[in-house]
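The structure file upload_37.txt is reproduced below (compact mmCIF, C-alpha atoms).
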# COMPACT_ATOMS: atom_id res chain seq x y z
CA SER A 299 0.00 0.00 0.00
CA GLU A 300 2.96 2.34 0.50
CA GLU A 301 3.62 2.08 -3.26
CA GLU A 302 0.07 3.40 -3.73
CA ARG A 303 0.79 6.28 -1.30
CA GLY A 304 -1.06 4.51 1.50
CA THR A 305 -0.43 5.14 5.19
CA HIS A 306 -0.49 2.54 7.95
CA VAL A 307 -1.89 3.76 11.27
CA PHE A 308 -1.40 1.11 13.94
CA ASN A 309 -2.91 0.87 17.44
CA SER A 310 -5.94 2.85 16.33
CA GLU A 311 -9.65 2.24 16.86
CA VAL A 312 -12.51 3.24 14.58
CA LEU A 313 -15.09 4.58 17.03
CA ASP A 314 -17.75 5.46 14.46
CA ILE A 315 -18.47 5.91 10.75
CA PHE A 316 -20.86 8.47 9.30
CA MET A 317 -22.17 8.84 5.78
CA ASP A 318 -22.09 12.60 5.14
CA ARG A 319 -23.65 12.23 1.71
CA PRO A 320 -23.69 9.52 -0.98
CA GLU A 321 -20.15 8.19 -1.52
CA GLN A 322 -18.73 10.37 1.25
CA TYR A 323 -17.84 8.89 4.65
CA THR A 324 -16.25 10.26 7.80
CA LEU A 325 -14.46 7.92 10.20
CA LEU A 326 -13.91 8.88 13.83
CA VAL A 327 -10.56 7.32 14.73
CA LYS A 328 -8.85 7.19 18.12
CA THR A 329 -5.06 6.88 18.24
CA GLY A 330 -3.70 6.99 21.76
CA ASN A 331 -5.48 9.93 23.42
CA ASP A 332 -6.09 11.75 20.12
CA LEU A 333 -9.22 11.75 17.98
CA TYR A 334 -9.16 12.23 14.21
CA HIS A 335 -11.78 12.63 11.50
CA VAL A 336 -10.85 10.84 8.27
CA LYS A 337 -12.88 11.55 5.14
CA THR A 338 -13.03 9.08 2.25
CA ASN A 339 -15.28 7.90 -0.56
CA VAL A 340 -14.35 4.21 -0.05
CA VAL A 341 -14.45 2.22 3.19
CA ILE A 342 -13.21 -1.38 3.21
CA ASN A 343 -14.49 -2.90 6.42
CA ALA A 344 -12.01 -5.67 7.20
CA ALA A 345 -12.27 -5.28 10.97
CA GLY A 346 -12.14 -8.99 11.82
CA LEU A 347 -14.16 -9.73 14.95
CA GLY A 348 -15.66 -6.23 14.77
CA SER A 349 -16.60 -6.15 11.08
CA ALA A 350 -20.22 -7.28 11.53
CA LYS A 351 -20.87 -4.54 14.11
CA LEU A 352 -19.36 -1.83 11.89
CA SER A 353 -21.50 -2.89 8.92
CA GLN A 354 -24.64 -3.06 11.07
CA ASP A 355 -23.92 0.43 12.39
CA MET A 356 -23.80 1.67 8.80
CA PHE A 357 -27.01 -0.17 7.88
CA ARG A 358 -28.86 1.61 10.69
CA GLN A 359 -28.02 4.95 9.08
CA VAL A 360 -30.03 4.03 5.97
CA SER A 361 -32.67 1.85 7.65
CA SER A 362 -35.41 4.46 7.10
CA THR A 363 -35.13 4.01 3.33
CA HIS A 364 -34.18 0.32 3.44
CA PRO A 365 -36.27 -1.25 6.24
CA ASP A 366 -35.61 -4.85 5.18
CA LEU A 367 -31.83 -4.79 5.42
CA PRO A 368 -30.13 -8.14 6.16
CA GLN A 369 -28.39 -8.81 9.44
CA TYR A 370 -24.68 -9.54 9.47
CA ASN A 371 -24.33 -11.54 12.66
CA THR A 372 -21.16 -13.33 13.64
CA HIS A 373 -20.65 -15.80 16.45
CA PHE A 374 -17.40 -15.66 18.39
CA VAL A 375 -15.93 -19.16 18.43
CA LYS A 376 -12.97 -20.01 20.64
CA GLY A 377 -10.47 -22.59 19.48
CA ASP A 378 -8.08 -24.09 22.03
CA TYR A 379 -4.75 -25.73 21.25
CA PHE A 380 -2.81 -28.29 23.24
CA SER A 381 0.91 -28.82 22.71
CA TYR A 382 2.42 -32.28 22.88
CA GLU A 383 5.60 -32.69 24.90
CA SER A 384 7.51 -35.09 22.70
CA LYS A 385 10.83 -35.17 20.88
CA PRO A 386 11.02 -32.67 17.99
CA ASN A 387 10.22 -33.93 14.50
CA LEU A 388 8.23 -36.91 15.76
CA VAL A 389 5.88 -36.25 12.83
CA ASN A 390 6.83 -34.58 9.54
CA ARG A 391 3.42 -33.63 8.10
CA LEU A 392 0.03 -32.23 9.09
CA LEU A 393 -2.66 -34.73 9.99
CA TYR A 394 -6.39 -33.99 9.71
CA PRO A 395 -9.52 -35.90 10.73
CA VAL A 396 -12.51 -36.16 8.40
CA PRO A 397 -14.49 -32.88 8.84
CA ASP A 398 -17.96 -33.00 10.34
CA LYS A 399 -20.95 -32.84 7.99
CA GLN A 400 -21.65 -29.20 8.76
CA VAL A 401 -17.99 -28.21 8.27
CA THR A 402 -17.98 -26.21 11.50
CA SER A 403 -14.20 -26.60 11.46
CA LEU A 404 -11.46 -28.86 10.15
CA GLY A 405 -11.48 -30.63 13.49
CA ILE A 406 -8.78 -31.05 16.10
CA HIS A 407 -5.84 -31.66 13.79
CA LEU A 408 -2.11 -32.06 14.21
CA THR A 409 0.06 -29.08 13.29
CA ILE A 410 3.82 -28.61 13.49
CA ASP A 411 5.52 -25.49 14.81
CA MET A 412 8.73 -23.92 13.51
CA ASN A 413 10.82 -26.02 15.91
CA GLY A 414 9.27 -29.33 14.89
CA GLY A 415 7.02 -29.49 17.95
CA ILE A 416 3.47 -30.83 17.79
CA ARG A 417 0.24 -29.01 18.56
CA PHE A 418 -3.34 -30.23 18.38
CA GLY A 419 -6.34 -28.02 17.73
CA PRO A 420 -8.44 -26.07 17.42
CA ASP A 421 -11.68 -27.26 18.95
CA VAL A 422 -14.98 -25.38 18.59
CA GLU A 423 -16.49 -23.53 21.55
CA TYR A 424 -19.25 -21.00 20.81
CA LEU A 425 -19.00 -18.03 23.18
CA GLY A 426 -21.81 -15.82 21.89
CA SER A 427 -21.84 -12.58 19.92
CA ASP A 428 -20.86 -10.06 22.57
CA PHE A 429 -17.27 -8.86 23.03
CA SER A 430 -17.65 -9.24 26.79
CA GLN A 431 -17.89 -13.01 26.29
CA ILE A 432 -14.47 -13.31 24.65
CA ARG A 433 -11.81 -15.13 26.69
CA TYR A 434 -8.51 -16.74 25.83
CA ASN A 435 -7.85 -19.13 28.69
CA VAL A 436 -7.32 -22.79 27.75
CA ASP A 437 -9.31 -25.18 29.91
CA GLU A 438 -7.02 -28.00 31.06
CA ASP A 439 -10.11 -30.17 31.65
CA LYS A 440 -10.44 -30.46 27.87
CA ARG A 441 -7.47 -32.82 27.72
CA ASP A 442 -9.67 -35.93 27.58
CA VAL A 443 -11.85 -34.37 24.85
CA PHE A 444 -8.74 -33.67 22.79
CA TYR A 445 -7.28 -37.12 23.41
CA ASN A 446 -10.50 -38.85 22.33
CA ALA A 447 -10.67 -36.72 19.17
CA ILE A 448 -7.05 -37.52 18.32
CA GLN A 449 -7.66 -41.25 18.74
CA LYS A 450 -10.05 -41.18 15.78
CA TYR A 451 -7.21 -40.67 13.30
CA ILE A 452 -3.99 -41.57 15.14
CA PRO A 453 -3.42 -45.20 16.26
CA ASN A 454 -3.78 -46.08 19.93
CA GLY A 455 -0.55 -45.80 21.89
CA PHE A 456 1.09 -43.22 19.62
CA ILE A 457 -0.16 -40.28 21.72
CA GLU A 458 0.07 -40.34 25.52
CA PRO A 459 -2.62 -38.15 27.15
CA HIS A 460 -0.46 -36.92 30.03
CA LEU A 461 1.89 -35.27 27.49
CA LEU A 462 -0.89 -33.00 26.18
CA LYS A 463 -0.46 -29.54 27.73
CA PRO A 464 -2.65 -26.40 27.35
CA ALA A 465 -1.02 -24.06 24.83
CA TYR A 466 -3.09 -21.11 23.62
CA ALA A 467 -6.46 -20.11 22.19
CA GLY A 468 -7.80 -17.94 19.39
CA ILE A 469 -11.17 -16.47 18.44
CA ARG A 470 -12.70 -16.69 14.96
CA PRO A 471 -15.90 -15.03 13.71
CA LYS A 472 -18.31 -17.60 12.27
CA LEU A 473 -21.43 -16.70 10.32
CA GLN A 474 -23.22 -19.95 11.19
CA GLY A 475 -24.51 -20.57 14.70
CA PRO A 476 -24.39 -23.89 16.58
CA GLY A 477 -25.97 -26.67 14.53
CA GLU A 478 -26.42 -24.48 11.44
CA PRO A 479 -25.04 -25.37 7.98
CA PHE A 480 -21.80 -23.90 6.71
CA ARG A 481 -21.83 -20.28 5.52
CA ASP A 482 -19.06 -18.77 3.40
CA PHE A 483 -17.40 -15.36 3.77
CA ILE A 484 -19.39 -12.19 3.09
CA ILE A 485 -17.50 -9.97 0.62
CA HIS A 486 -20.01 -7.39 -0.53
CA GLU A 487 -20.06 -3.84 -1.89
CA GLU A 488 -23.13 -2.29 -0.29
CA SER A 489 -24.50 -0.16 -3.16
CA ASP A 490 -27.78 -2.11 -2.97
CA LYS A 491 -28.25 -0.55 0.49
CA ASN A 492 -27.49 2.99 -0.74
CA LEU A 493 -23.96 2.68 0.69
CA LYS A 494 -21.87 2.94 -2.48
CA GLY A 495 -18.18 2.61 -1.74
CA PHE A 496 -18.72 0.74 1.55
CA ILE A 497 -17.41 -2.83 1.31
CA SER A 498 -18.11 -5.43 3.99
CA LEU A 499 -15.76 -8.33 4.70
CA VAL A 500 -17.57 -10.31 7.37
CA GLY A 501 -17.00 -13.76 8.83
CA ILE A 502 -13.45 -13.98 7.47
CA GLU A 503 -11.89 -16.68 9.62
CA SER A 504 -8.60 -18.56 9.23
CA PRO A 505 -8.95 -19.65 5.54
CA GLY A 506 -9.07 -15.94 4.77
CA LEU A 507 -5.31 -15.81 5.35
CA THR A 508 -4.74 -18.46 2.69
CA SER A 509 -7.04 -16.65 0.26
CA CYS A 510 -6.02 -13.08 1.20
CA MET A 511 -4.60 -12.23 -2.24
CA ALA A 512 -7.73 -13.49 -4.00
CA ILE A 513 -9.85 -11.43 -1.59
CA ALA A 514 -7.66 -8.37 -2.24
CA ASN A 515 -8.09 -8.75 -6.01
CA ARG A 516 -11.85 -9.12 -5.66
CA VAL A 517 -12.11 -5.99 -3.50
CA ALA A 518 -9.80 -4.07 -5.88
CA LYS A 519 -12.18 -4.85 -8.75
CA MET A 520 -15.11 -3.62 -6.62
CA ILE A 521 -13.51 -0.21 -6.23
CA GLY A 522 -12.44 -0.03 -9.88
CA SER A 523 -8.74 -0.65 -9.39
CA LYS A 524 -6.81 -2.44 -12.13
CA ARG A 525 -4.03 -3.39 -9.71
CA ARG A 526 -3.50 -7.11 -9.12
CA TYR A 527 -2.03 -8.48 -5.92
CA ASP A 528 0.17 -11.57 -6.01
CA PHE A 529 2.55 -13.35 -3.70
CA LYS A 530 6.17 -12.36 -4.18
Starting from the coordinates I provided, produce the structure as structure tokens.
Amino acid sequence: SEEERGTHVFNSEVLDIFMDRPEQYTLLVKTGNDLYHVKTNVVINAAGLGSAKLSQDMFRQVSSTHPDLPQYNTHFVKGDYFSYESKPNLVNRLLYPVPDKQVTSLGIHLTIDMNGGIRFGPDVEYLGSDFSQIRYNVDEDKRDVFYNAIQKYIPNGFIEPHLLKPAYAGIRPKLQGPGEPFRDFIIHEESDKNLKGFISLVGIESPGLTSCMAIANRVAKMIGSKRRYDFK
């Protein structure tokens, strides 16, 4: 983005977005103790866990003329990981179970860190849709749940349960609730809601990293850019 004269502003929070007039937005941004107003004709909402809320806040501004607007609701889903205290390089490839029918996740799979160590995860724990419900502690009582899941695709005796240790957790935003069928990412330019130039990227969980260049190219086309983004 620096090649395109872009500026990165880290450790900043978008407190609010206003549509001043069609294709003209003002963002209220907090950086440290300072507040700034940023004006733009394009907003790409890629706010991760907060993207659904930002889009819904914008929808409310045009709700009088568009009363049947859809709801972008995400569910915060915690995924815990357990490390396995074994010799490095015990396994040399990733191992995955067969996904569940609703493709809630890829299941508790085996991953390898940069030092050749083994980790298992993530599991799926729905926390709700409120930021106050987010937590990152790893429950040690889940060890048996992890061990039983691992046994479905790794032969008995290869993994010893007492060597599974709580590692870390992450939160991903899922569009489908518990028991609901799989829903793909929302990547949408909101002109149909009288919000031309406002682009929502909602429910982008971990596969979004793998497909980030494809997402960037799709969004670039939405805003009329001819620039293509590729891995270098």
TODO: Select, counting all atoms listed in the file, all protein, DNA and RNA residues no farther than 8 Å from (-24.6, 9.6, -2.2) in file coordinates, and express the selection as a list in words.
DONE: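 Those within range, by chain then number, are Arg319, Pro320, Glu321, Gln322, Asn492, Leu493 and Lys494 of chain A.
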Could you check how far atom CA of Gln369 of chain A sits from atom CA of Leu347 of chain A, in Å to one decimal?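 For atom CA of Gln369 of chain A relative to atom CA of Leu347 of chain A, the distance reads 15.3 Å.
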task = Identify which of the residues A:Met412, A:Met317, A:Val307, A:Leu473 lies closest to Gly495 of chain A, counting only C-alpha atoms when measuring atom-to-atom distances.
result =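 That would be A:Met317, the residue with the smallest distance to Gly495 of chain A.
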Which residue out of A:Pro368, A:Pro505, A:Gly346, A:Gly419 has the minimum interatomic distance to Ala467 of chain A when all atoms listed in the file are used?
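Between A:Pro368, A:Pro505, A:Gly346, A:Gly419, the residue approaching Ala467 of chain A most closely is A:Gly419.
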Top pick for closest residue to Lys440 of chain A, considering A:Ile513, A:Pro479, A:Leu367, A:Pro464 and counting all atoms listed in the file:
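Under the stated criterion, the closest residue is A:Pro464.
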- prompt: Residues at most 9 Å from Phe316 of chain A, counting all atoms listed in the file, excluding those fewer than 2 positions away in the same chain, as number ranges by chain?
  reply: A: 314, 318-319, 322-326, 356, 359
Q) Could you name the residues that touch Phe429 of chain A at 12 Å or less, counting all atoms listed in the file, but leaving out those on the same chain fewer than 3 positions away, as a VMD selection string? A) chain A and resid 347 to 348 350 to 351 372 to 375 425 to 426 432 to 433 469 471
Identify the residues around (-17.5, -13.7, 3.7) within a radius of 6 Å, measuring from all atoms listed in the file in the coordinates stated by the file, and give them as an mmCIF file with C-alpha atoms, in the coordinates of the input.
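selection_15.cif, written as the output of this step:
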data_model
loop_
_atom_site.group_PDB
_atom_site.id
_atom_site.type_symbol
_atom_site.label_atom_id
_atom_site.label_comp_id
_atom_site.auth_asym_id
_atom_site.auth_seq_id
_atom_site.Cartn_x
_atom_site.Cartn_y
_atom_site.Cartn_z
ATOM 1 C CA ASP A 482 -19.060 -18.770 3.400
ATOM 2 C CA PHE A 483 -17.400 -15.360 3.770
ATOM 3 C CA ILE A 484 -19.390 -12.190 3.090
ATOM 4 C CA ILE A 485 -17.500 -9.970 0.620
ATOM 5 C CA LEU A 499 -15.760 -8.330 4.700
ATOM 6 C CA VAL A 500 -17.570 -10.310 7.370
ATOM 7 C CA GLY A 501 -17.000 -13.760 8.830
ATOM 8 C CA ILE A 502 -13.450 -13.980 7.470
#
**Prompt:** Distance atom CA of Pro459 of chain A-atom CA of Arg441 of chain A, one decimal place?
**Reply:**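 Distance between the two atoms: 7.2 Å.
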Atom CA of Val396 of chain A to atom CA of Tyr451 of chain A measures 8.5 Å
For each of A:Asn413, A:Thr329, A:Thr508, A:Thr338, take the minimum atom-to-atom distance to Ile315 of chain A, counting all atoms listed in the file, then give the residue where this is smallest.
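Between A:Asn413, A:Thr329, A:Thr508, A:Thr338, the residue approaching Ile315 of chain A most closely is A:Thr338.
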I'd like the contact shell of Tyr434 of chain A - 9 Å cut-off, all atoms listed in the file, skipping same-chain residues fewer than 5 positions apart - returned as a list of chain:residue names.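 Once the adjacent positions are removed, what remains is A:Lys376, A:Gly377, A:Asp378, A:Tyr466, A:Ala467, A:Gly468, A:Ile469.
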Could you add the missing atoms to segment 359-382 of chain A, up to N, CA, C and O atoms, and return them as a CSV table (one decimal), in the coordinates of the input?
chain,number,residue,atom,x,y,z
A,359,GLN,N,-27.9,3.6,9.6
A,359,GLN,CA,-28.0,5.0,9.1
A,359,GLN,C,-28.9,5.1,7.8
A,359,GLN,O,-29.4,6.2,7.5
A,360,VAL,N,-29.2,4.0,7.2
A,360,VAL,CA,-30.0,4.0,6.0
A,360,VAL,C,-31.3,3.2,6.2
A,360,VAL,O,-32.0,2.9,5.2
A,361,SER,N,-31.5,2.8,7.4
A,361,SER,CA,-32.7,1.8,7.6
A,361,SER,C,-34.0,2.5,7.3
A,361,SER,O,-35.0,1.8,7.0
A,362,SER,N,-34.1,3.8,7.4
A,362,SER,CA,-35.4,4.5,7.1
A,362,SER,C,-35.8,4.3,5.6
A,362,SER,O,-37.0,4.2,5.3
A,363,THR,N,-34.8,4.2,4.8
A,363,THR,CA,-35.1,4.0,3.3
A,363,THR,C,-35.0,2.6,2.9
A,363,THR,O,-35.5,2.2,1.8
A,364,HIS,N,-34.3,1.7,3.7
A,364,HIS,CA,-34.2,0.3,3.4
A,364,HIS,C,-34.6,-0.5,4.7
A,364,HIS,O,-33.7,-1.0,5.4
A,365,PRO,N,-35.9,-0.6,5.0
A,365,PRO,CA,-36.3,-1.2,6.2
A,365,PRO,C,-36.0,-2.7,6.3
A,365,PRO,O,-36.0,-3.3,7.4
A,366,ASP,N,-35.8,-3.4,5.2
A,366,ASP,CA,-35.6,-4.8,5.2
A,366,ASP,C,-34.1,-5.3,5.0
A,366,ASP,O,-33.8,-6.3,4.4
A,367,LEU,N,-33.2,-4.5,5.6
A,367,LEU,CA,-31.8,-4.8,5.4
A,367,LEU,C,-31.5,-6.1,6.1
A,367,LEU,O,-32.0,-6.4,7.2
A,368,PRO,N,-30.5,-6.9,5.5
A,368,PRO,CA,-30.1,-8.1,6.2
A,368,PRO,C,-29.3,-7.9,7.4
A,368,PRO,O,-28.8,-6.8,7.6
A,369,GLN,N,-29.2,-8.9,8.2
A,369,GLN,CA,-28.4,-8.8,9.4
A,369,GLN,C,-27.1,-9.6,9.2
A,369,GLN,O,-27.1,-10.7,8.8
A,370,TYR,N,-26.0,-8.9,9.5
A,370,TYR,CA,-24.7,-9.5,9.5
A,370,TYR,C,-24.3,-9.9,10.9
A,370,TYR,O,-23.9,-9.0,11.7
A,371,ASN,N,-24.6,-11.1,11.3
A,371,ASN,CA,-24.3,-11.5,12.7
A,371,ASN,C,-23.2,-12.6,12.7
A,371,ASN,O,-23.2,-13.5,11.9
A,372,THR,N,-22.2,-12.3,13.5
A,372,THR,CA,-21.2,-13.3,13.6
A,372,THR,C,-21.2,-13.9,15.1
A,372,THR,O,-21.6,-13.2,16.0
A,373,HIS,N,-20.7,-15.1,15.2
A,373,HIS,CA,-20.6,-15.8,16.4
A,373,HIS,C,-19.2,-15.9,16.8
A,373,HIS,O,-18.4,-16.4,16.0
A,374,PHE,N,-18.8,-15.5,18.0
A,374,PHE,CA,-17.4,-15.7,18.4
A,374,PHE,C,-17.2,-17.1,18.8
A,374,PHE,O,-17.8,-17.6,19.7
A,375,VAL,N,-16.2,-17.8,18.2
A,375,VAL,CA,-15.9,-19.2,18.4
A,375,VAL,C,-14.5,-19.3,18.9
A,375,VAL,O,-13.6,-18.9,18.2
A,376,LYS,N,-14.3,-19.8,20.1
A,376,LYS,CA,-13.0,-20.0,20.6
A,376,LYS,C,-12.4,-21.4,20.2
A,376,LYS,O,-13.1,-22.4,20.2
A,377,GLY,N,-11.2,-21.4,19.8
A,377,GLY,CA,-10.5,-22.6,19.5
A,377,GLY,C,-9.2,-22.8,20.3
A,377,GLY,O,-8.3,-21.9,20.3
A,378,ASP,N,-9.2,-23.8,21.2
A,378,ASP,CA,-8.1,-24.1,22.0
A,378,ASP,C,-7.1,-25.0,21.3
A,378,ASP,O,-7.4,-25.8,20.5
A,379,TYR,N,-5.8,-24.8,21.7
A,379,TYR,CA,-4.8,-25.7,21.2
A,379,TYR,C,-4.0,-26.4,22.4
A,379,TYR,O,-3.9,-25.7,23.5
A,380,PHE,N,-3.7,-27.6,22.3
A,380,PHE,CA,-2.8,-28.3,23.2
A,380,PHE,C,-1.5,-28.6,22.6
A,380,PHE,O,-1.5,-29.1,21.4
A,381,SER,N,-0.4,-28.4,23.2
A,381,SER,CA,0.9,-28.8,22.7
A,381,SER,C,1.2,-30.2,23.2
A,381,SER,O,0.5,-30.7,24.1
A,382,TYR,N,2.1,-30.9,22.5
A,382,TYR,CA,2.4,-32.3,22.9
A,382,TYR,C,3.9,-32.3,23.2
A,382,TYR,O,4.8,-32.0,22.4
